[in-house]
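Asks: Contents of target_9.pdb (PDB, C-alpha atoms and all ligand atoms) are below:
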ATOM      1  CA  MET A 332     -14.899  -5.482  14.819
ATOM      2  CA  ARG A 333     -12.716  -5.109  17.898
ATOM      3  CA  VAL A 334     -10.299  -2.285  17.278
ATOM      4  CA  GLU A 335      -7.862  -1.892  20.113
ATOM      5  CA  GLU A 336      -5.349   0.316  18.432
ATOM      6  CA  THR A 337      -7.050   2.777  16.149
ATOM      7  CA  GLN A 338      -4.550   5.393  17.224
ATOM      8  CA  ALA A 339      -1.663   3.109  16.301
ATOM      9  CA  ALA A 340      -3.177   2.603  12.867
ATOM     10  CA  ALA A 341      -3.580   6.348  12.447
ATOM     11  CA  ASN A 342       0.118   6.713  13.178
ATOM     12  CA  TYR A 343       1.071   4.139  10.556
ATOM     13  CA  VAL A 344       1.462   0.997  12.538
ATOM     14  CA  MET A 345       4.242  -0.506  10.393
ATOM     15  CA  GLY A 346       6.733   2.146  11.533
ATOM     16  CA  HIS A 347       9.512   3.817   9.532
ATOM     17  CA  GLU A 348      12.646   1.972  10.562
ATOM     18  CA  ASP A 349      15.256   1.033   7.919
ATOM     19  CA  ARG A 350      13.858  -2.451   7.708
ATOM     20  CA  GLU A 351      10.380  -1.092   6.994
ATOM     21  CA  LEU A 352      11.766   1.098   4.195
ATOM     22  CA  GLN A 353      13.359  -2.041   2.711
ATOM     23  CA  ARG A 354      10.053  -3.884   3.084
ATOM     24  CA  LEU A 355       8.211  -1.089   1.266
ATOM     25  CA  MET A 356      10.694  -1.286  -1.618
ATOM     26  CA  LEU A 357      10.433  -5.073  -1.850
ATOM     27  CA  GLN A 358       6.645  -4.889  -1.765
ATOM     28  CA  ALA A 359       6.729  -2.115  -4.379
ATOM     29  CA  LYS A 360       8.701  -4.389  -6.723
ATOM     30  CA  VAL A 361       5.971  -6.997  -6.398
ATOM     31  CA  TYR A 362       3.142  -4.514  -6.995
ATOM     32  CA  ALA A 363       4.809  -2.298  -9.649
ATOM     33  CA  PRO A 364       3.273  -3.900 -12.749
ATOM     34  CA  LEU A 365      -0.147  -3.997 -11.071
ATOM     35  CA  THR A 366      -0.028  -0.342 -10.039
ATOM     36  CA  GLU A 367       1.261   0.704 -13.443
ATOM     37  CA  GLY A 368      -1.811  -0.970 -14.961
ATOM     38  CA  VAL A 369      -4.070   0.998 -12.624
ATOM     39  CA  LEU A 370      -2.374   4.313 -13.429
ATOM     40  CA  ARG A 371      -2.600   3.607 -17.171
ATOM     41  CA  GLY A 372      -6.229   2.544 -16.816
ATOM     42  CA  ALA A 373      -6.980   5.780 -14.974
ATOM     43  CA  GLY A 374      -5.557   7.684 -17.938
ATOM     44  CA  LEU A 375      -2.295   9.163 -16.646
ATOM     45  CA  LYS A 376      -0.530  10.609 -19.655
ATOM     46  CA  PRO A 377       2.321  12.925 -20.684
ATOM     47  CA  GLY A 378       2.191  16.457 -19.358
ATOM     48  CA  MET A 379      -0.151  15.804 -16.411
ATOM     49  CA  ARG A 380       0.338  17.190 -12.883
ATOM     50  CA  VAL A 381      -0.034  14.360 -10.366
ATOM     51  CA  LEU A 382      -0.236  14.292  -6.562
ATOM     52  CA  ASP A 383       0.890  11.053  -4.849
ATOM     53  CA  VAL A 384      -0.573  11.001  -1.337
ATOM     54  CA  GLY A 385       1.313   8.950   1.299
ATOM     55  CA  CYS A 386       4.137   8.457  -1.216
ATOM     56  CA  GLY A 387       6.426   6.593   1.214
ATOM     57  CA  VAL A 388       9.800   5.910  -0.393
ATOM     58  CA  GLY A 389       8.480   7.100  -3.755
ATOM     59  CA  ASP A 390       7.644   4.022  -5.808
ATOM     60  CA  VAL A 391       4.211   5.143  -7.030
ATOM     61  CA  SER A 392       5.572   8.634  -7.748
ATOM     62  CA  PHE A 393       8.227   7.028  -9.963
ATOM     63  CA  LEU A 394       5.629   5.000 -11.877
ATOM     64  CA  ALA A 395       3.559   8.156 -12.359
ATOM     65  CA  ALA A 396       6.666  10.090 -13.455
ATOM     66  CA  ALA A 397       7.308   7.592 -16.237
ATOM     67  CA  LEU A 398       3.736   8.087 -17.517
ATOM     68  CA  VAL A 399       3.615  11.907 -17.327
ATOM     69  CA  GLY A 400       7.110  12.234 -18.811
ATOM     70  CA  PRO A 401       9.558  15.114 -18.471
ATOM     71  CA  LYS A 402       6.886  17.722 -19.322
ATOM     72  CA  GLY A 403       4.641  16.522 -16.516
ATOM     73  CA  GLU A 404       5.018  16.939 -12.767
ATOM     74  CA  VAL A 405       4.617  14.597  -9.814
ATOM     75  CA  VAL A 406       4.412  15.823  -6.223
ATOM     76  CA  GLY A 407       4.848  13.093  -3.616
ATOM     77  CA  VAL A 408       3.534  13.968  -0.159
ATOM     78  CA  ASP A 409       4.148  12.091   3.065
ATOM     79  CA  ARG A 410       4.060  13.184   6.663
ATOM     80  CA  GLU A 411       7.188  11.201   7.537
ATOM     81  CA  PRO A 412      10.556  12.913   6.876
ATOM     82  CA  ARG A 413      12.582   9.668   6.906
ATOM     83  CA  VAL A 414      10.742   8.138   3.972
ATOM     84  CA  LEU A 415      10.964  11.372   2.008
ATOM     85  CA  ALA A 416      14.746  11.586   2.395
ATOM     86  CA  CYS A 417      14.941   8.092   0.925
ATOM     87  CA  ALA A 418      12.454   8.951  -1.867
ATOM     88  CA  GLN A 419      14.448  12.063  -2.766
ATOM     89  CA  ARG A 420      17.725  10.111  -3.003
ATOM     90  CA  ARG A 421      16.081   7.526  -5.241
ATOM     91  CA  ALA A 422      14.589  10.202  -7.538
ATOM     92  CA  GLU A 423      17.997  11.850  -7.905
ATOM     93  CA  ALA A 424      19.664   8.509  -8.650
ATOM     94  CA  GLN A 425      17.172   8.008 -11.508
ATOM     95  CA  GLY A 426      17.507  11.597 -12.769
ATOM     96  CA  LEU A 427      13.773  12.183 -12.425
ATOM     97  CA  SER A 428      13.568  15.969 -12.493
ATOM     98  CA  GLN A 429       9.763  15.958 -12.840
ATOM     99  CA  VAL A 430       9.297  14.510  -9.319
ATOM    100  CA  ARG A 431       9.491  16.452  -6.076
ATOM    101  CA  PHE A 432       8.644  15.468  -2.560
ATOM    102  CA  ARG A 433       7.018  17.476   0.154
ATOM    103  CA  GLN A 434       6.611  16.762   3.830
ATOM    104  CA  SER A 435       3.072  17.213   5.022
ATOM    105  CA  SER A 436       0.164  15.242   6.267
ATOM    106  CA  LEU A 437      -2.734  15.250   3.822
ATOM    107  CA  GLU A 438      -4.802  16.957   6.497
ATOM    108  CA  SER A 439      -2.491  19.982   6.646
ATOM    109  CA  LEU A 440      -1.557  20.153   2.956
ATOM    110  CA  PRO A 441      -2.743  23.511   1.616
ATOM    111  CA  VAL A 442      -4.850  23.383  -1.545
ATOM    112  CA  GLU A 443      -2.654  25.291  -3.982
ATOM    113  CA  GLY A 444      -3.670  24.732  -7.549
ATOM    114  CA  ALA A 445      -5.597  21.716  -8.637
ATOM    115  CA  PHE A 446      -3.980  18.505  -9.880
ATOM    116  CA  ASP A 447      -4.968  16.587 -13.025
ATOM    117  CA  ALA A 448      -4.634  13.299 -11.143
ATOM    118  CA  ILE A 449      -4.272  12.028  -7.598
ATOM    119  CA  VAL A 450      -2.783   8.622  -6.899
ATOM    120  CA  CYS A 451      -2.741   6.856  -3.571
ATOM    121  CA  ARG A 452      -1.567   3.301  -2.826
ATOM    122  CA  LEU A 453      -1.686   1.329   0.431
ATOM    123  CA  VAL A 454      -2.569   4.351   2.542
ATOM    124  CA  LEU A 455      -6.346   4.199   2.967
ATOM    125  CA  MET A 456      -6.258   0.813   4.709
ATOM    126  CA  TYR A 457      -4.401   2.473   7.609
ATOM    127  CA  GLN A 458      -6.736   5.452   7.943
ATOM    128  CA  PRO A 459      -9.285   5.562  10.753
ATOM    129  CA  ASP A 460     -11.716   7.272   8.350
ATOM    130  CA  PRO A 461     -10.908   6.480   4.691
ATOM    131  CA  LEU A 462     -13.959   8.361   3.396
ATOM    132  CA  SER A 463     -12.869  11.661   4.976
ATOM    133  CA  PHE A 464      -9.380  11.009   3.630
ATOM    134  CA  VAL A 465     -10.684  10.573   0.056
ATOM    135  CA  ARG A 466     -12.899  13.659   0.407
ATOM    136  CA  ARG A 467      -9.880  15.638   1.517
ATOM    137  CA  MET A 468      -7.783  14.330  -1.399
ATOM    138  CA  ALA A 469     -10.574  15.311  -3.825
ATOM    139  CA  GLU A 470     -10.182  18.946  -2.792
ATOM    140  CA  HIS A 471      -6.810  18.888  -4.583
ATOM    141  CA  LEU A 472      -8.324  17.628  -7.851
ATOM    142  CA  ARG A 473      -9.476  19.819 -10.728
ATOM    143  CA  PRO A 474     -12.968  19.195 -12.125
ATOM    144  CA  GLY A 475     -12.601  16.340 -14.623
ATOM    145  CA  GLY A 476      -9.409  15.218 -12.876
ATOM    146  CA  VAL A 477      -8.965  11.557 -11.963
ATOM    147  CA  MET A 478      -8.278   9.847  -8.632
ATOM    148  CA  ALA A 479      -6.645   6.398  -8.807
ATOM    149  CA  LEU A 480      -6.623   4.264  -5.657
ATOM    150  CA  HIS A 481      -4.818   0.960  -5.174
ATOM    151  CA  GLU A 482      -5.325  -1.053  -1.994
ATOM    152  CA  LEU A 483      -5.155  -4.581  -0.649
ATOM    153  CA  GLU A 484      -8.214  -6.712  -0.123
ATOM    154  CA  LEU A 485      -6.710  -8.298   2.976
ATOM    155  CA  ALA A 486      -9.723 -10.488   3.609
ATOM    156  CA  ALA A 487      -8.926 -12.341   0.351
ATOM    157  CA  MET A 488      -5.284 -12.718   1.289
ATOM    158  CA  GLY A 489      -3.348 -15.913   1.315
ATOM    159  CA  LEU A 490      -4.373 -18.189  -1.464
ATOM    160  CA  THR A 491      -2.114 -21.159  -2.097
ATOM    161  CA  HIS A 492      -2.633 -24.110  -4.337
ATOM    162  CA  PRO A 493      -2.682 -26.705  -3.005
ATOM    163  CA  LYS A 494      -3.778 -25.523   0.451
ATOM    164  CA  LEU A 495      -0.670 -25.543   2.663
ATOM    165  CA  PRO A 496      -0.796 -25.766   6.480
ATOM    166  CA  LEU A 497       2.104 -23.449   7.343
ATOM    167  CA  PHE A 498       0.867 -20.763   4.955
ATOM    168  CA  SER A 499      -2.610 -21.120   6.450
ATOM    169  CA  ARG A 500      -1.126 -20.569   9.910
ATOM    170  CA  VAL A 501       0.600 -17.401   8.683
ATOM    171  CA  TRP A 502      -2.720 -15.953   7.450
ATOM    172  CA  GLY A 503      -4.238 -17.063  10.743
ATOM    173  CA  TRP A 504      -1.702 -14.820  12.542
ATOM    174  CA  MET A 505      -1.855 -11.909  10.130
ATOM    175  CA  LEU A 506      -5.577 -11.337   9.690
ATOM    176  CA  PRO A 507      -6.630 -11.001  13.342
ATOM    177  CA  THR A 508      -3.542  -8.882  14.035
ATOM    178  CA  CYS A 509      -4.403  -6.477  11.210
ATOM    179  CA  GLU A 510      -8.026  -6.371  12.261
ATOM    180  CA  ARG A 511      -7.219  -5.617  15.893
ATOM    181  CA  LEU A 512      -4.789  -2.898  14.827
ATOM    182  CA  GLY A 513      -7.639  -1.181  13.011
ATOM    183  CA  ILE A 514      -6.276  -1.921   9.525
ATOM    184  CA  LYS A 515      -9.152  -2.156   7.060
ATOM    185  CA  LEU A 516      -9.454  -5.763   5.826
ATOM    186  CA  HIS A 517     -11.903  -4.869   3.033
ATOM    187  CA  MET A 518     -10.338  -1.611   1.839
ATOM    188  CA  GLY A 519      -9.807  -2.975  -1.676
ATOM    189  CA  LEU A 520     -13.428  -3.899  -2.264
ATOM    190  CA  GLU A 521     -14.647  -0.720  -0.570
ATOM    191  CA  LEU A 522     -12.733   1.596  -2.911
ATOM    192  CA  ALA A 523     -15.502   2.067  -5.457
ATOM    193  CA  SER A 524     -18.153   2.913  -2.856
ATOM    194  CA  THR A 525     -15.696   5.185  -1.033
ATOM    195  CA  LEU A 526     -14.963   7.133  -4.236
ATOM    196  CA  ARG A 527     -18.698   7.412  -4.928
ATOM    197  CA  ARG A 528     -19.559   8.557  -1.416
ATOM    198  CA  ALA A 529     -16.807  11.162  -1.651
ATOM    199  CA  GLY A 530     -18.615  12.677  -4.641
ATOM    200  CA  LEU A 531     -16.510  11.232  -7.470
ATOM    201  CA  VAL A 532     -17.862   9.430 -10.514
ATOM    202  CA  VAL A 533     -16.423   5.905 -10.524
ATOM    203  CA  ASP A 534     -15.006   5.049 -13.945
ATOM    204  CA  ASP A 535     -13.571   1.548 -13.600
ATOM    205  CA  GLY A 536     -11.526  -0.852 -11.507
ATOM    206  CA  VAL A 537      -9.399  -3.985 -11.593
ATOM    207  CA  VAL A 538      -8.462  -6.828  -9.257
ATOM    208  CA  SER A 539      -4.992  -8.308  -9.622
ATOM    209  CA  GLY A 540      -2.273 -10.206  -7.808
ATOM    210  CA  ARG A 541       1.173 -11.644  -8.378
ATOM    211  CA  LEU A 542       1.892 -15.338  -8.423
ATOM    212  CA  GLY A 543       4.732 -16.452  -6.164
ATOM    213  CA  VAL A 544       5.932 -19.123  -8.555
ATOM    214  CA  THR A 545       9.209 -19.958  -6.861
ATOM    215  CA  PRO A 546       9.788 -20.505  -3.133
ATOM    216  CA  ASP A 547      12.214 -17.570  -2.936
ATOM    217  CA  SER A 548      10.152 -15.162  -5.057
ATOM    218  CA  ASP A 549       9.881 -11.500  -4.066
ATOM    219  CA  ALA A 550       6.234 -12.194  -3.265
ATOM    220  CA  ALA A 551       7.180 -14.876  -0.690
ATOM    221  CA  GLN A 552       9.910 -12.676   0.802
ATOM    222  CA  ALA A 553       7.601  -9.679   1.047
ATOM    223  CA  LEU A 554       5.151 -11.860   2.965
ATOM    224  CA  VAL A 555       7.812 -12.893   5.501
ATOM    225  CA  GLU A 556       8.950  -9.287   5.949
ATOM    226  CA  THR A 557       5.357  -8.250   6.650
ATOM    227  CA  VAL A 558       5.107 -10.949   9.311
ATOM    228  CA  ARG A 559       8.391  -9.699  10.781
ATOM    229  CA  THR A 560       7.032  -6.151  11.041
ATOM    230  CA  LEU A 561       3.789  -7.319  12.623
ATOM    231  CA  LEU A 562       5.395  -9.833  14.988
ATOM    232  CA  PRO A 563       5.684  -7.529  18.028
ATOM    233  CA  HIS A 564       1.977  -6.697  17.623
ATOM    234  CA  MET A 565       1.096 -10.392  17.197
ATOM    235  CA  GLU A 566       2.830 -11.187  20.458
ATOM    236  CA  ARG A 567       1.421  -8.253  22.378
ATOM    237  CA  LEU A 568      -2.101  -9.022  21.206
ATOM    238  CA  GLY A 569      -1.687 -12.709  22.076
ATOM    239  CA  VAL A 570      -2.259 -13.844  18.470
ATOM    240  CA  ALA A 571       1.034 -15.743  18.122
ATOM    241  CA  LEU A 572       4.168 -16.489  20.092
ATOM    242  CA  ALA A 573       7.572 -15.484  18.722
ATOM    243  CA  MET A 574       8.643 -19.069  19.336
ATOM    244  CA  GLU A 575       6.014 -20.564  17.033
ATOM    245  CA  VAL A 576       6.509 -17.927  14.322
ATOM    246  CA  ASP A 577      10.298 -18.381  14.554
ATOM    247  CA  ILE A 578      10.757 -15.506  12.151
ATOM    248  CA  ASP A 579      14.360 -16.217  11.195
ATOM    249  CA  THR A 580      13.484 -19.665   9.850
ATOM    250  CA  LEU A 581      10.006 -18.806   8.526
ATOM    251  CA  ALA A 582      11.136 -18.050   4.965
ATOM    252  CA  ALA A 583      12.987 -21.355   4.722
ATOM    253  CA  ARG A 584      10.069 -23.335   6.173
ATOM    254  CA  LEU A 585       7.558 -21.690   3.825
ATOM    255  CA  ALA A 586       9.860 -22.262   0.866
ATOM    256  CA  ALA A 587      10.258 -25.929   1.802
ATOM    257  CA  GLU A 588       6.476 -26.339   2.065
ATOM    258  CA  LEU A 589       5.931 -24.705  -1.311
ATOM    259  CA  ARG A 590       8.653 -26.799  -2.939
ATOM    260  CA  ALA A 591       7.533 -30.098  -1.413
ATOM    261  CA  ASN A 592       4.007 -29.554  -2.720
ATOM    262  CA  ASP A 593       4.950 -27.994  -6.063
ATOM    263  CA  GLY A 594       2.721 -25.188  -4.810
ATOM    264  CA  VAL A 595       1.935 -21.724  -5.993
ATOM    265  CA  LEU A 596       1.269 -18.701  -3.817
ATOM    266  CA  VAL A 597      -0.970 -15.676  -4.357
ATOM    267  CA  PRO A 598       0.162 -13.627  -1.361
ATOM    268  CA  SER A 599      -2.350 -10.855  -1.767
ATOM    269  CA  LEU A 600      -5.024  -9.421  -3.980
ATOM    270  CA  MET A 601      -4.851  -5.777  -4.933
ATOM    271  CA  VAL A 602      -7.851  -3.758  -6.034
ATOM    272  CA  GLY A 603      -7.486  -0.659  -8.164
ATOM    273  CA  ALA A 604     -10.379   1.748  -8.676
ATOM    274  CA  TRP A 605     -10.501   5.144 -10.252
ATOM    275  CA  GLY A 606     -13.006   7.903 -10.743
ATOM    276  CA  HIS A 607     -13.164  11.531 -11.771
ATOM    277  CA  ARG A 608     -14.320  14.701 -10.129
ATOM    278  CA  PRO A 609     -17.478  15.928 -11.813
ATOM    279  CA  GLY A 610     -17.920  19.503 -12.939
ATOM    280  CA  PRO A 611     -16.989  21.720 -15.873
ATOM    281  CA  VAL A 612     -13.569  20.728 -17.231
TER     282      VAL A 612
HETATM  283  C1  LIG B 701       2.270   1.538   3.382
HETATM  284  S1  LIG B 701       3.033   3.073   3.103
HETATM  285  C2  LIG B 701       2.717   3.188   1.343
HETATM  286  C3  LIG B 701       3.742   4.007   0.611
HETATM  287  C4  LIG B 701       3.527   4.120  -0.883
HETATM  288  N1  LIG B 701       2.247   4.719  -1.198
HETATM  289  C5  LIG B 701       3.675   2.782  -1.587
HETATM  290  O1  LIG B 701       2.657   2.215  -2.006
HETATM  291  O2  LIG B 701       4.809   2.296  -1.701
HETATM  292  C6  LIG B 701       1.908   4.310   3.763
HETATM  293  C7  LIG B 701       2.503   5.716   3.820
HETATM  294  O3  LIG B 701       1.429   6.654   4.027
HETATM  295  C8  LIG B 701       1.902   7.684   4.869
HETATM  296  N2  LIG B 701       0.736   8.332   5.481
HETATM  297  C9  LIG B 701      -0.206   7.745   6.258
HETATM  298  N3  LIG B 701      -1.136   8.641   6.631
HETATM  299  C10 LIG B 701      -0.780   9.831   6.071
HETATM  300  C11 LIG B 701      -1.352  11.142   6.095
HETATM  301  N4  LIG B 701      -2.466  11.392   6.798
HETATM  302  N5  LIG B 701      -0.742  12.130   5.411
HETATM  303  C12 LIG B 701       0.411  11.875   4.723
HETATM  304  N6  LIG B 701       1.004  10.649   4.678
HETATM  305  C13 LIG B 701       0.414   9.643   5.347
HETATM  306  C14 LIG B 701       2.810   6.957   5.855
HETATM  307  O4  LIG B 701       3.737   7.847   6.469
HETATM  308  C15 LIG B 701       3.497   5.921   4.942
HETATM  309  O5  LIG B 701       4.719   6.403   4.438
END
For this file, produce the structure as structure tokens.
Replies:
Amino acid sequence: MRVEETQAAANYVMGHEDRELQRLMLQAKVYAPLTEGVLRGAGLKPGMRVLDVGCGVGDVSFLAAALVGPKGEVVGVDREPRVLACAQRRAEAQGLSQVRFRQSSLESLPVEGAFDAIVCRLVLMYQPDPLSFVRRMAEHLRPGGVMALHELELAAMGLTHPKLPLFSRVWGWMLPTCERLGIKLHMGLELASTLRRAGLVVDDGVVSGRLGVTPDSDAAQALVETVRTLLPHMERLGVALAMEVDIDTLAARLAAELRANDGVLVPSLMVGAWGHRPGPV
């Protein structure tokens, strides 16, 4: 693999501008039922203390908060102050007193009392060394505690039925861009082995995706917003020209292609895997 921008990936290549916060929220709407299934499968239940690593604008923390209830506690951690300000506002608007947010990188987060569960979504794929990241997260887990990971399998991205040329071109721009930015294309399918190599006992996992059943579905819009975010990188890396992507008309052109072919879109496949820390409970 040719990785030209590992450092950029380490610094979260998608940025933290307003538009990116909106993209995260749109994407979170698409993935919410899938992630909820993973958290339930991993056994999150009322009263638990949960750490959400790389919480972004808070969507996974909110899903966890609903499962642990008012007697539980969720701590969302992110190194980026802008996303946390947004997450905090959203928690207050929902009256979620069991959630709090803390600014820190995982690497500098002190281990202060073990958590019953650690959740982490769409963070590992951006890490230069996901295994070290999972090992570090595991230090915050009590023996018997569970770690639930949810990541994209980017290499399986972009299924349409029937096969549609414009959609195929979009994947043709996205995949090499992600790869050259150092984003892990196989993070989803590497979750189980990563948990195992980090010393956890893998319990189970699921693969799931949303169907974009209408041309203007959230799934289709989230795809276009991801292209928009990656466009400057696509251009700089010589993968696509702004002119051919024509980002402001891309949504309409994709929608027209889907409609004309009575097509269906599976924009991405998500893999969830969870495992527990061995040792006396
Ligand atoms: C794609 S966003 C995912 C946000 C959220 N987990 C979700 O699924 O909606 C990745 C987030 O991880 C954060 N992040 C990346 N590396 C981190 C690290 N080493 N420590 C703390 N946060 C990190 C970024 O700042 C960003 O907000």
Asks: Which residue gives the smallest distance to ligand LIG 701 (chain B) among A:Val595, A:Met574, A:Met601, A:Ala529, with only C-alpha atoms and all ligand atoms counted?
Replies: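 Smallest distance to ligand LIG 701 (chain B) is found for A:Met601.
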Asks: So, with all atoms listed in the file as the atoms that count, which of A:Leu357, A:Ala591, A:Leu370, A:Leu427 lies closest to ligand LIG 701 (chain B)?
Replies: A:Leu357
Asks: Report as a PyMOL selection string the residues that result from applying the PyMOL selection byres (((chain A and resi 472-481) around 8) and not hetatm) to the structure here.
Replies: chain A and resi 366+369-370+373-374+445-453+468-471+482-483+519+522+601-612
Asks: List as a list in words the protein and nucleic acid residues lying within 6 Å of ligand LIG 701 (chain B), with only C-alpha atoms and all ligand atoms counted.
Replies: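 For ligand LIG 701 (chain B), the residues inside 6 Å are Tyr343, Leu355, Ala359, Gly385, Cys386, Gly387, Asp390, Val391, Asp409, Arg410, Glu411, Ser435, Ser436, Leu437, Cys451, Arg452, Leu453 and Val454 of chain A.
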Asks: Calculated over all atoms listed in the file, which of the candidates A:Leu382, A:Val570, A:Val558, A:Ile514 has the smallest distance to Val442 in chain A?
Replies: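 Once distances to Val442 in chain A are computed over all atoms listed in the file, the minimum belongs to A:Leu382.
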Asks: Which of these, A:Asp579, A:Asp593, A:Asp549, A:Glu348, has the shortest distance to Tyr362 in chain A once you count only C-alpha atoms?
Replies: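 Nearest candidate to Tyr362 in chain A out of A:Asp579, A:Asp593, A:Asp549, A:Glu348: A:Asp549.
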Asks: So, with all atoms listed in the file as the atoms that count, which of A:Cys509, A:Thr557, A:Arg466, A:Thr580 lies closest to Leu526 in chain A?
Replies: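 Checking each of A:Cys509, A:Thr557, A:Arg466, A:Thr580 against Leu526 in chain A, counting all atoms listed in the file, the winner is A:Arg466.
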Asks: Would you mind telling me which residue in A:Gly407, A:Gly503, A:Gly513, A:Gly594 lies nearest to Pro461 in chain A when using only C-alpha atoms?
Replies: A:Gly513
Asks: Grab the CA of Arg354 in chain A to CA of Ala573 in chain A distance for me, in Å with one decimal place.
Replies: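 CA of Ala573 in chain A lies at a distance of 19.6 Å from CA of Arg354 in chain A.
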Asks: Put a box with edges along x, y and z around all the listed atoms of range 495-507 of chain A, pad it by 4 Å on each side, then give me its centre and sizes in Å, one decimal, as JSON.
Replies:
{"center_x": -2.3, "center_y": -18.4, "center_z": 8.0, "size_x": 16.7, "size_y": 22.8, "size_z": 18.7}
Asks: Suppose a student applies the PyMOL selection byres (((chain A and resi 525) around 10) and not hetatm) to this structure; what residues should they get, written as a PyMOL selection string?
Replies: chain A and resi 461-466+518+520-524+526-531+533+604
Asks: Please compute the CA of Val555 in chain A-CA of Lys494 in chain A distance, one decimal, in Å.
Replies: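 Computing the Euclidean distance for CA of Val555 in chain A and CA of Lys494 in chain A yields 17.9 Å.
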